[in-house]
Every structure is written in structure tokens, then in C-alpha cells.
$ cat my_file19.txt   # compact mmCIF, C-alpha atoms
# COMPACT_ATOMS: atom_id res chain seq x y z
CA MET A 1 5.18 -36.40 -38.58
CA SER A 2 3.89 -37.87 -35.39
CA GLY A 3 2.80 -41.35 -34.87
CA TYR A 4 6.13 -43.10 -35.36
CA ILE A 5 6.17 -46.62 -34.15
CA LYS A 6 8.29 -46.57 -31.06
CA ASN A 7 8.29 -50.26 -30.23
CA VAL A 8 8.54 -53.42 -32.20
CA VAL A 9 5.08 -54.86 -32.74
CA SER A 10 5.40 -58.45 -31.74
CA LYS A 11 3.12 -61.34 -31.06
CA THR A 12 3.85 -64.39 -29.01
CA ALA A 13 3.52 -67.71 -30.77
CA PRO A 14 1.56 -70.46 -28.97
CA HIS A 15 3.95 -72.36 -26.76
CA VAL A 16 4.34 -74.72 -23.86
CA GLY A 17 7.46 -73.60 -22.07
CA GLN A 18 10.14 -73.58 -24.73
CA ILE A 19 8.19 -75.80 -27.12
CA ASN A 20 6.55 -73.85 -29.94
CA PRO A 21 5.63 -74.79 -33.52
CA THR A 22 9.03 -73.70 -34.83
CA THR A 23 11.01 -75.90 -32.50
CA VAL A 24 8.61 -78.78 -33.07
CA LYS A 25 9.06 -78.47 -36.82
CA LYS A 26 12.77 -78.37 -36.40
CA TRP A 27 13.14 -81.28 -34.03
CA THR A 28 10.56 -83.78 -35.32
CA PRO A 29 12.64 -85.15 -38.21
CA ILE A 30 15.76 -85.27 -36.04
CA LEU A 31 13.98 -87.18 -33.29
CA GLY A 32 12.50 -89.45 -35.92
CA LEU A 33 15.95 -90.30 -37.23
CA TRP A 34 17.22 -90.93 -33.73
CA GLY A 35 14.27 -93.24 -33.17
CA GLY A 36 15.33 -95.18 -36.22
CA ALA A 37 18.90 -95.36 -34.92
CA ALA A 38 17.62 -96.61 -31.57
CA LEU A 39 15.55 -99.24 -33.36
CA PHE A 40 18.58 -100.51 -35.20
CA GLY A 41 20.46 -100.53 -31.92
CA VAL A 42 17.78 -102.71 -30.35
CA PHE A 43 17.94 -105.04 -33.32
CA THR A 44 21.70 -105.35 -32.95
CA PHE A 45 21.47 -106.31 -29.32
CA THR A 46 18.51 -108.66 -29.54
CA GLU A 47 19.75 -110.70 -32.45
CA HIS A 48 19.92 -113.92 -30.50
CA TRP A 49 16.45 -113.56 -28.95
CA PRO A 50 13.98 -115.99 -30.53
CA LEU A 51 11.02 -113.63 -30.04
CA PHE A 52 12.68 -110.95 -32.15
CA GLN A 53 13.97 -113.54 -34.57
CA GLN A 54 10.47 -114.73 -35.30
CA THR A 55 8.76 -111.36 -35.43
CA PHE A 56 11.34 -109.36 -37.37
CA PHE A 57 14.47 -111.01 -38.59
CA GLN A 58 13.04 -114.01 -40.34
CA LYS A 59 10.92 -111.69 -42.41
CA ILE A 60 13.90 -109.98 -44.07
CA PRO A 61 13.48 -110.89 -47.76
CA TYR A 62 16.71 -112.50 -48.84
CA PHE A 63 18.67 -113.08 -45.68
CA GLY A 64 15.79 -114.04 -43.42
CA ASP A 65 16.54 -117.74 -43.65
CA TYR A 66 19.68 -117.28 -41.61
CA TRP A 67 17.58 -116.96 -38.46
CA VAL A 68 15.31 -119.91 -39.19
CA HIS A 69 16.54 -122.75 -37.02
CA THR A 70 15.18 -126.09 -38.12
CA LEU A 71 16.35 -129.10 -36.27
CA ASP A 72 16.73 -132.30 -38.24
CA PRO A 73 14.53 -135.29 -37.47
CA GLU A 74 15.68 -135.10 -33.92
CA ASP A 75 15.40 -138.32 -32.05
CA SER A 76 15.98 -136.81 -28.63
CA PRO A 77 12.38 -136.71 -27.32
CA GLN A 78 12.18 -140.44 -27.83
CA MET B 15 35.87 -91.54 -57.67
CA LEU B 16 34.74 -88.05 -58.30
CA SER B 17 34.96 -85.59 -55.51
CA GLU B 18 31.20 -85.33 -56.00
CA ASP B 19 30.79 -88.91 -54.76
CA TYR B 20 32.72 -88.18 -51.62
CA SER B 21 30.46 -85.24 -51.01
CA THR B 22 27.32 -87.25 -51.60
CA ILE B 23 28.45 -89.94 -49.20
CA TYR B 24 29.25 -87.31 -46.67
CA ASN B 25 25.94 -85.56 -47.01
CA LEU B 26 23.98 -88.78 -47.05
CA VAL B 27 25.59 -90.77 -44.29
CA PHE B 28 28.03 -88.82 -42.24
CA LYS B 29 26.45 -85.44 -41.90
CA ARG B 30 23.64 -86.03 -39.47
CA ASN B 31 24.78 -87.79 -36.34
CA SER B 32 21.47 -89.63 -36.03
CA VAL B 33 21.89 -91.11 -39.49
CA PHE B 34 25.52 -91.92 -38.77
CA VAL B 35 24.77 -93.74 -35.54
CA GLY B 36 21.84 -95.49 -37.17
CA SER B 37 24.03 -96.72 -39.99
CA VAL B 38 26.67 -97.85 -37.49
CA PHE B 39 24.10 -100.03 -35.74
CA ALA B 40 22.65 -101.32 -38.99
CA THR B 41 26.13 -102.20 -40.23
CA ALA B 42 26.91 -103.85 -36.91
CA PHE B 43 23.77 -105.97 -37.27
CA ALA B 44 24.71 -107.03 -40.78
CA PHE B 45 28.35 -107.53 -39.80
CA GLN B 46 27.33 -109.81 -36.93
CA GLY B 47 25.32 -111.98 -39.23
CA PHE B 48 27.92 -112.24 -41.96
CA PHE B 49 30.78 -112.73 -39.55
CA ASP B 50 28.97 -115.47 -37.72
CA TYR B 51 28.05 -117.17 -40.98
CA GLY B 52 31.57 -116.84 -42.30
CA VAL B 53 33.27 -118.19 -39.21
CA THR B 54 30.77 -121.05 -38.88
CA SER B 55 31.29 -122.04 -42.51
CA TRP B 56 35.05 -122.01 -42.08
CA TYR B 57 34.81 -124.01 -38.86
CA GLU B 58 32.59 -126.65 -40.43
CA ALA B 59 34.86 -126.87 -43.45
CA HIS B 60 37.92 -127.17 -41.27
CA ASN B 61 36.37 -129.94 -39.15
CA LYS B 62 34.72 -131.83 -41.91
CA GLY B 63 33.98 -135.43 -41.02
CA LYS B 64 34.13 -134.86 -37.30
CA LEU B 65 30.85 -133.00 -36.90
CA TRP B 66 27.67 -134.73 -35.79
CA LYS B 67 25.90 -134.11 -39.07
CA ASP B 68 28.58 -136.02 -40.96
CA VAL B 69 28.83 -138.73 -38.32
CA LYS B 70 25.05 -139.11 -38.41
CA LEU B 71 25.17 -139.88 -42.12
CA LYS B 72 27.88 -142.44 -41.57
CA LEU B 73 25.84 -144.09 -38.84
CA GLY B 74 22.94 -144.33 -41.24
CA ASP B 75 25.14 -146.07 -43.80
CA ALA B 76 26.58 -148.52 -41.29
CA GLY B 77 23.08 -149.83 -40.58
CA GLU B 78 23.04 -148.56 -37.02
CA ASP B 79 24.74 -151.49 -35.41
CA GLU B 80 25.77 -149.18 -32.61
CA ASP B 81 24.53 -150.45 -29.31
CA ASP B 82 23.77 -147.96 -26.61
CA ASP B 83 25.31 -148.49 -23.26
CA GLU B 84 23.34 -150.00 -20.44
CA MET C 14 59.76 -51.42 -41.96
CA LEU C 15 59.95 -54.99 -40.79
CA SER C 16 56.25 -55.13 -40.37
CA ASN C 17 55.84 -53.84 -43.89
CA LEU C 18 57.97 -56.67 -45.20
CA ALA C 19 55.97 -59.19 -43.27
CA PHE C 20 52.86 -57.48 -44.46
CA LYS C 21 53.93 -57.91 -48.07
CA GLN C 22 54.77 -61.55 -47.53
CA ILE C 23 51.40 -62.18 -46.08
CA SER C 24 49.81 -60.21 -48.88
CA LYS C 25 51.68 -62.34 -51.38
CA ARG C 26 50.74 -65.70 -50.03
CA GLY C 27 47.73 -64.74 -48.05
CA LEU C 28 46.83 -67.44 -45.59
CA GLY C 29 47.98 -70.10 -47.97
CA LEU C 30 45.00 -69.73 -50.21
CA LYS C 31 46.55 -69.67 -53.61
CA SER C 32 43.35 -68.92 -55.33
CA ILE C 33 43.38 -65.38 -54.16
CA ALA C 34 45.79 -63.50 -56.41
CA PRO C 35 47.95 -61.26 -54.35
CA ARG C 36 48.10 -57.66 -55.28
CA PHE C 37 50.80 -55.38 -54.15
CA LEU C 38 49.75 -52.61 -51.87
CA SER C 39 46.22 -52.72 -53.18
CA SER C 40 43.69 -51.57 -50.73
CA THR C 41 41.21 -54.23 -51.75
CA SER C 42 43.70 -57.00 -51.33
CA THR C 43 44.75 -55.71 -47.97
CA ALA C 44 41.11 -55.68 -46.93
CA LEU C 45 40.83 -59.37 -47.81
CA LYS C 46 43.74 -60.46 -45.74
CA SER C 47 44.34 -60.51 -42.10
CA THR C 48 46.61 -57.83 -40.82
CA TYR C 49 47.90 -60.09 -38.08
CA ASP C 50 51.15 -61.90 -38.32
CA SER C 51 50.02 -65.44 -38.69
CA PRO C 52 52.09 -68.41 -39.80
CA ASP C 53 51.99 -69.69 -43.30
CA PHE C 54 49.94 -72.85 -43.49
CA SER C 55 50.18 -73.41 -47.21
CA ASN C 56 52.31 -76.51 -46.81
CA TYR C 57 49.66 -78.19 -44.71
CA LEU C 58 46.55 -77.29 -46.58
CA ASN C 59 44.69 -79.76 -48.74
CA SER C 60 45.87 -79.44 -52.29
CA ASN C 61 42.48 -80.47 -53.66
CA LYS C 62 40.79 -77.90 -55.73
CA GLY C 63 37.30 -77.09 -54.68
CA SER C 64 35.70 -78.77 -51.73
CA SER C 65 36.25 -82.48 -51.65
CA ASP C 66 35.18 -84.37 -48.61
CA LYS C 67 37.60 -87.22 -49.15
CA SER C 68 39.59 -86.68 -46.00
CA ARG C 69 36.49 -86.10 -43.94
CA ASP C 70 34.92 -89.22 -45.35
CA PHE C 71 38.01 -91.22 -44.52
CA THR C 72 38.03 -90.02 -40.95
CA TYR C 73 34.35 -90.66 -40.42
CA PHE C 74 34.64 -94.04 -42.06
CA MET C 75 37.40 -95.05 -39.68
CA VAL C 76 35.45 -93.82 -36.69
CA GLY C 77 32.30 -95.52 -37.93
CA SER C 78 33.92 -98.88 -38.56
CA PHE C 79 35.45 -98.81 -35.11
CA GLY C 80 31.94 -98.15 -33.85
CA VAL C 81 30.64 -101.13 -35.82
CA LEU C 82 33.25 -103.44 -34.37
CA GLY C 83 32.66 -102.01 -30.92
CA ALA C 84 28.90 -102.49 -31.15
CA ALA C 85 29.28 -106.04 -32.41
CA SER C 86 31.72 -106.98 -29.65
CA ALA C 87 29.62 -105.25 -26.98
CA LYS C 88 26.62 -107.25 -28.12
CA SER C 89 28.60 -110.50 -28.07
CA THR C 90 29.86 -109.83 -24.58
CA VAL C 91 26.45 -108.89 -23.21
CA GLU C 92 24.87 -111.89 -24.89
CA SER C 93 27.48 -114.28 -23.54
CA PHE C 94 26.78 -113.16 -20.02
CA LEU C 95 23.03 -113.10 -20.39
CA SER C 96 22.92 -116.56 -21.93
CA THR C 97 24.54 -117.99 -18.83
CA MET C 98 21.49 -116.75 -16.95
CA SER C 99 18.94 -118.37 -19.22
CA ALA C 100 17.23 -121.64 -18.37
CA SER C 101 19.45 -124.70 -18.57
CA ALA C 102 18.60 -127.72 -20.67
CA ASP C 103 17.38 -129.87 -17.83
CA ILE C 104 14.92 -127.20 -16.76
CA LEU C 105 13.66 -126.89 -20.31
CA ALA C 106 13.28 -130.65 -20.51
CA MET C 107 11.04 -130.59 -17.48
CA ALA C 108 8.89 -127.97 -19.13
CA LYS C 109 7.30 -130.59 -21.36
CA VAL C 110 5.57 -133.79 -20.48
CA GLU C 111 4.91 -136.78 -22.70
CA VAL C 112 1.87 -138.96 -22.45
CA LYS C 113 1.28 -142.32 -24.13
CA LEU C 114 -2.24 -142.07 -25.47
CA SER C 115 -2.72 -145.80 -26.08
CA ALA C 116 -2.88 -146.27 -22.33
CA ILE C 117 -6.09 -144.24 -22.11
CA PRO C 118 -9.25 -146.14 -23.06
CA GLU C 119 -12.27 -144.40 -24.52
CA GLY C 120 -14.48 -142.48 -22.20
CA LYS C 121 -11.86 -142.18 -19.49
CA ASN C 122 -10.19 -139.22 -17.83
CA VAL C 123 -6.50 -139.08 -16.98
CA ILE C 124 -4.81 -136.41 -14.92
CA VAL C 125 -1.19 -135.61 -15.67
CA LYS C 126 1.03 -133.27 -13.69
CA TRP C 127 2.70 -130.62 -15.82
CA GLN C 128 4.67 -127.70 -14.42
CA GLY C 129 2.99 -128.30 -11.10
CA LYS C 130 -0.50 -128.03 -12.57
CA PRO C 131 -2.99 -130.80 -13.25
CA VAL C 132 -3.82 -131.42 -16.91
CA PHE C 133 -7.05 -133.24 -17.74
CA ILE C 134 -6.86 -135.59 -20.71
CA ARG C 135 -10.07 -137.22 -21.81
CA HIS C 136 -10.41 -139.77 -24.57
CA ARG C 137 -13.87 -138.74 -25.77
CA THR C 138 -16.40 -141.01 -27.39
CA SER C 139 -18.06 -139.95 -30.62
CA GLY C 140 -21.29 -139.37 -28.73
CA GLU C 141 -19.55 -136.95 -26.47
CA ILE C 142 -17.94 -135.16 -29.40
CA GLU C 143 -21.32 -134.69 -31.01
CA GLU C 144 -22.74 -133.45 -27.77
CA ALA C 145 -19.95 -130.92 -27.52
CA ASN C 146 -20.56 -129.70 -31.04
CA GLU C 147 -24.29 -129.43 -30.69
CA VAL C 148 -24.19 -126.75 -28.05
CA ASP C 149 -25.31 -123.32 -29.20
CA ILE C 150 -22.34 -121.19 -28.28
CA SER C 151 -24.32 -117.98 -28.06
CA THR C 152 -25.85 -119.26 -24.86
CA LEU C 153 -22.46 -119.73 -23.26
CA ARG C 154 -20.86 -117.38 -20.81
CA ASP C 155 -17.55 -117.80 -22.64
CA PRO C 156 -18.54 -118.67 -26.20
CA GLN C 157 -16.10 -121.04 -27.87
CA ASN C 158 -16.59 -123.69 -30.46
CA ASP C 159 -15.45 -127.14 -29.52
CA ALA C 160 -13.40 -127.14 -32.72
CA ASP C 161 -11.48 -124.13 -31.44
CA ARG C 162 -10.61 -125.90 -28.22
CA VAL C 163 -9.25 -129.18 -29.54
CA LYS C 164 -6.85 -130.14 -32.29
CA ASN C 165 -8.16 -133.68 -32.47
CA PRO C 166 -11.77 -133.92 -31.24
CA GLU C 167 -11.12 -137.37 -29.87
CA TRP C 168 -8.73 -136.00 -27.27
CA LEU C 169 -9.75 -133.20 -24.93
CA ILE C 170 -6.73 -131.71 -23.18
CA MET C 171 -7.11 -128.86 -20.73
CA LEU C 172 -5.75 -127.47 -17.50
CA GLY C 173 -7.61 -128.79 -14.50
CA ILE C 174 -7.81 -125.47 -12.72
CA CYS C 175 -11.19 -123.90 -12.16
CA THR C 176 -11.26 -120.41 -13.63
CA HIS C 177 -13.13 -119.12 -10.62
CA LEU C 178 -10.71 -119.47 -7.75
CA GLY C 179 -8.40 -122.26 -8.80
CA CYS C 180 -9.77 -125.47 -7.33
CA VAL C 181 -9.48 -128.74 -9.24
CA PRO C 182 -12.82 -129.82 -10.76
CA ILE C 183 -13.98 -133.39 -10.44
CA GLY C 184 -14.36 -135.36 -13.65
CA GLU C 185 -17.52 -137.17 -14.79
CA ALA C 186 -19.57 -135.07 -12.46
CA GLY C 187 -21.89 -132.14 -12.75
CA ASP C 188 -25.13 -131.59 -14.65
CA PHE C 189 -23.57 -131.21 -18.10
CA GLY C 190 -21.73 -134.49 -18.40
CA GLY C 191 -18.33 -132.93 -17.86
CA TRP C 192 -16.67 -131.59 -14.74
CA PHE C 193 -17.90 -130.13 -11.51
CA CYS C 194 -15.94 -127.91 -9.20
CA PRO C 195 -16.80 -128.70 -5.58
CA CYS C 196 -15.54 -125.42 -4.14
CA HIS C 197 -18.25 -123.10 -5.43
CA GLY C 198 -20.28 -125.30 -7.72
CA SER C 199 -19.12 -124.50 -11.24
CA HIS C 200 -20.33 -126.91 -13.87
CA TYR C 201 -18.25 -127.54 -17.00
CA ASP C 202 -19.51 -129.44 -20.06
CA ILE C 203 -17.90 -132.19 -22.12
CA SER C 204 -15.76 -129.59 -23.86
CA GLY C 205 -14.64 -127.94 -20.65
CA ARG C 206 -16.82 -124.88 -21.15
CA ILE C 207 -18.43 -123.19 -18.19
CA ARG C 208 -22.18 -123.70 -18.05
CA ARG C 209 -23.33 -122.89 -14.59
CA GLY C 210 -21.69 -121.50 -11.51
CA PRO C 211 -19.44 -118.61 -10.64
CA ALA C 212 -16.51 -119.34 -12.97
CA PRO C 213 -16.12 -116.70 -15.70
CA LEU C 214 -14.12 -118.59 -18.35
CA ASN C 215 -13.80 -122.00 -19.90
CA LEU C 216 -11.08 -124.35 -18.71
CA GLU C 217 -7.79 -123.28 -20.23
CA ILE C 218 -6.24 -125.19 -23.10
CA PRO C 219 -2.43 -125.54 -22.81
CA GLU C 220 0.08 -125.77 -25.64
CA TYR C 221 0.29 -129.32 -26.85
CA GLU C 222 1.05 -131.38 -29.91
CA PHE C 223 0.85 -134.95 -31.09
CA SER C 224 4.47 -135.82 -31.83
CA ASP C 225 3.22 -139.11 -33.22
CA PRO C 226 -0.31 -140.61 -33.32
CA ASP C 227 0.28 -142.31 -30.01
CA THR C 228 2.20 -139.68 -28.07
CA LEU C 229 1.05 -136.37 -26.69
CA VAL C 230 3.57 -133.70 -25.72
CA VAL C 231 2.17 -131.02 -23.43
CA GLY C 232 3.99 -127.70 -23.21
$ encode --input "my_file19.txt" --output "C-alpha cells"
Amino acid sequence: MSGYIKNVVSKTAPHVGQINPTTVKKWTPILGLWGGAALFGVFTFTEHWPLFQQTFFQKIPYFGDYWVHTLDPEDSPQ
Amino acid sequence: MLSEDYSTIYNLVFKRNSVFVGSVFATAFAFQGFFDYGVTSWYEAHNKGKLWKDVKLKLGDAGEDEDDDE
Amino acid sequence: MLSNLAFKQISKRGLGLKSIAPRFLSSTSTALKSTYDSPDFSNYLNSNKGSSDKSRDFTYFMVGSFGVLGAASAKSTVESFLSTMSASADILAMAKVEVKLSAIPEGKNVIVKWQGKPVFIRHRTSGEIEEANEVDISTLRDPQNDADRVKNPEWLIMLGICTHLGCVPIGEAGDFGGWFCPCHGSHYDISGRIRRGPAPLNLEIPEYEFSDPDTLVVG
């Protein structure tokens, strides 16, 4: 009855410091969601910025026209 | 409302903090827009006749006899 | 004795969880319940059967809506302050320059100052336009069609800054019927494209538009 296993047979997963495939799998969706939250945050704070208005907000399907500023036949340059 | 609906809302929106914060910002964005639109509409309705766009139309009707100053 | 009484009371009501039927002096029931003297919370517990998240939802909703209002007001505040730092209307007015095109006869150059830089405006003749179009762009250092450089081929508008080291080229000079830069000898053709000399790129075309057929607005 010899030959019992005395120690746990273990193998180290590939890792860089604390980052290994398990942690990556766990954290990727969470970080993705936080990225989305940050994106919405940026949108909230840059609402008045014409650059963002033209590239993003005017393209929203139904409400996009709110950010389109057309000036009437303005006579001021004259 | 069924208690099921409360649970679905909880699980969908409130459970993950990232989703919660994201929805807070998205709602803030939408709220800004609607609030601004609402207040502007009320203001323009309240001051009807005194705004430039109404005065401009009246000027057009009067034949633009207005003389500019020197 | 006293502890037994308390024990029974706890066994009866448990920790306020009515769903667990109390059993007197049953070993299984005693195993389910805490043997510590803890207060009876049954008056404060949610009377909802099963797990409803209504109260949690309410709390989170209140917190969230406060966050919405806070975010909106923070944005308004920040924006109010930042907008005071943006360019004022008189500065923006100086950013554009208007030119009356009827004052420029055909075949003549005019130099206009815009944002501190010279802008060349040439009223080109049809011969010059043809000449500009006939050039084979593959031979050019910076290939560009004349059509890509002008909105109206009759009017050539470009910045009068040599793309080599920034001198101002001289009009109606040079071997290609266009401009010649005296600093290092760059020759530009009738479309402002570099033909000979050290300059790498064609003369830059600024933003402009014709606000009416007789007026040019640069910038």
C-alpha cells in the first residue's frame, strides 16, 4: 500500500503578476460595463460642445434634431 | 406590479454598480435635454410676443420702415 | 429555568421568521434556531411573502435619481464656468474676413490679411483654368486636381505661405505662370501647386464660402 500521494499535484496557470486567464475572464465584462458608464458620463458633460453634438448627438434617431442649431436667414454678416 | 417585476428591475438595473452608474449618467443626459426643452418652451410661451422671432415677423409685416440710427 | 422559558419563547417565534413552524423541545427545531438570547424582530421584518425587491428598488431609485439630479447640476455648473472662458463674440467676428469680389478684375491677384496670415485671391481667366486642369497630376510632388482645390474655378483662394519655410511667394512670377517664392526658389503653378523647388506641399486652401455671388467669406 505504498505510493500514496503525499502532496497536492498542482500546476501554475500562465500569469503576469496577479493577472491570469481566470481573473481576465472575470473582469473583462465588468470593465466593459464601466467603460460604457464612463462613455455616458462623457456624453453628459460634453452636451454643449459642438464637436460632440455633430459627431454623436445629432445622429440619435428621433431626438437628434434637438442639437441641430439652424440660424434663420441671419442678416448679421451684412 | 408583481414582485417579479421588482426583482427584474433590480437584477437588470440596480444589481451591478457599473450598470447603475451608467444608467444614472444616461438618465442625466436625457433629463438635461428634456428639462432644457421643457423650460425653454415654457419661457417662450410665457414671453410670447416679446421675443425676437415674434418681433421679426411683425417687422416684416410693417414693411420695415424702421430706420437704423446713425 | 428562566433561560428555559426564554429558550421556549425563541423556539416559538424563532427570529421572527413565521414560516418556520416552531416545535416544542424538538431537537431538530432547536438545531435550526439560535441558542442566543436575541431580540424579537418580527415587528420590523418585511411582511412580504417570498423575496420581493420592492423596498430595495425604492431605495436604489431614490439614490439613483439624486445622482441624476446631481450629475445634471454638476454639468450645468461646470459648463457655466467653462463657457465664460470660451472666445467672446468680438474675437469670433475677427476670425472671418469678407471680401467683395466685384472689386477684383480678371487676371489679377489680391492679398487679404486673415488671422494674421496673407490670403491670395486670384480671379483666374478661362485660359488659366484650362492650364490648371491640363496638368498631369501624377507628375506633381503633391498630386491634387485643380477641382479639388477650388470651389469655383474662377476664384483661386489660398494661404500665401510657402510650405517650405513660410515665406510669402510673389504672384505672377516663376516659370509656371503662378507664384515664386524668393527665399529658396519654390515655383508654384496657376493652381498653387508646387512644381519646382524645395517646398513639399501645395499652397494651403483655407475654409471659405461664397455667402452671395459677390462676397467671399474666408474662415
$ interface_residues --input "my_file19.txt" --of "chain B" --to "chain A" --cutoff "6 Å" --atoms "all atoms listed in the file" --output "ChimeraX atom specification"
/B:32,36,39-40,43
$ atom_distance --input "my_file19.txt" --atom1 "CA of Arg154 (chain C)" --atom2 "CA of Trp127 (chain C)"
27.5 Å
$ closest_atom_pairs --input "my_file19.txt" --of "chain B" --to "chain C" --cutoff "12 Å" --atoms "only C-alpha atoms" --output "Markdown table"
| residue | atom | partner | partner_atom | distance |
| --- | --- | --- | --- | --- |
| B:Met15 | CA | C:Lys67 | CA | 9.7 |
| B:Leu16 | CA | C:Ser65 | CA | 8.8 |
| B:Ser17 | CA | C:Ser65 | CA | 5.1 |
| B:Glu18 | CA | C:Ser65 | CA | 7.2 |
| B:Asp19 | CA | C:Asp66 | CA | 8.8 |
| B:Tyr20 | CA | C:Asp66 | CA | 5.4 |
| B:Ser21 | CA | C:Asp66 | CA | 5.4 |
| B:Thr22 | CA | C:Asp66 | CA | 8.9 |
| B:Ile23 | CA | C:Asp70 | CA | 7.6 |
| B:Tyr24 | CA | C:Asp70 | CA | 6.1 |
| B:Asn25 | CA | C:Asp66 | CA | 9.5 |
| B:Leu26 | CA | C:Asp70 | CA | 11.1 |
| B:Val27 | CA | C:Asp70 | CA | 9.5 |
| B:Phe28 | CA | C:Tyr73 | CA | 6.8 |
| B:Lys29 | CA | C:Tyr73 | CA | 9.6 |
| B:Arg30 | CA | C:Tyr73 | CA | 11.7 |
| B:Asn31 | CA | C:Tyr73 | CA | 10.8 |
| B:Val33 | CA | C:Gly77 | CA | 11.4 |
| B:Phe34 | CA | C:Gly77 | CA | 7.7 |
| B:Val35 | CA | C:Gly77 | CA | 8.1 |
| B:Gly36 | CA | C:Gly77 | CA | 10.5 |
| B:Ser37 | CA | C:Gly77 | CA | 8.6 |
| B:Val38 | CA | C:Val81 | CA | 5.4 |
| B:Phe39 | CA | C:Val81 | CA | 6.6 |
| B:Ala40 | CA | C:Val81 | CA | 8.6 |
| B:Thr41 | CA | C:Val81 | CA | 6.4 |
| B:Ala42 | CA | C:Val81 | CA | 4.7 |
| B:Phe43 | CA | C:Ala85 | CA | 7.3 |
| B:Ala44 | CA | C:Ala85 | CA | 9.6 |
| B:Phe45 | CA | C:Ala85 | CA | 7.6 |
| B:Gln46 | CA | C:Ala85 | CA | 6.2 |
| B:Gly47 | CA | C:Ala85 | CA | 9.9 |
| B:Phe48 | CA | C:Ala85 | CA | 11.5 |
| B:Phe49 | CA | C:Ala85 | CA | 9.9 |
| B:Asp50 | CA | C:Ala85 | CA | 10.8 |
$ closest_residue --input "my_file19.txt" --among "C:Thr97, C:Ser139, C:Thr176, C:Asn56" --to "Asp155 (chain C)" --atoms "only C-alpha atoms"
C:Thr176
$ residues_around --input "my_file19.txt" --residues "Gly64 (chain A)" --least-positions-apart "3" --cutoff "12 Å" --atoms "only C-alpha atoms" --output "list in words"
Gln53, Gln54, Thr55, Phe56, Phe57, Gln58, Lys59, Ile60, Pro61, Trp67, Val68 and His69 of chain A; Ala44 and Gly47 of chain B
$ atom_distance --input "my_file19.txt" --atom1 "CA of Pro118 (chain C)" --atom2 "CA of Cys194 (chain C)"
23.9 Å
$ closest_residue --input "my_file19.txt" --among "C:Leu114, C:Leu229, C:Val181, C:Ile150" --to "chain A" --atoms "all atoms listed in the file"
C:Leu229
$ atom_distance --input "my_file19.txt" --atom1 "CA of Ile207 (chain C)" --atom2 "CA of Leu153 (chain C)"
7.3 Å
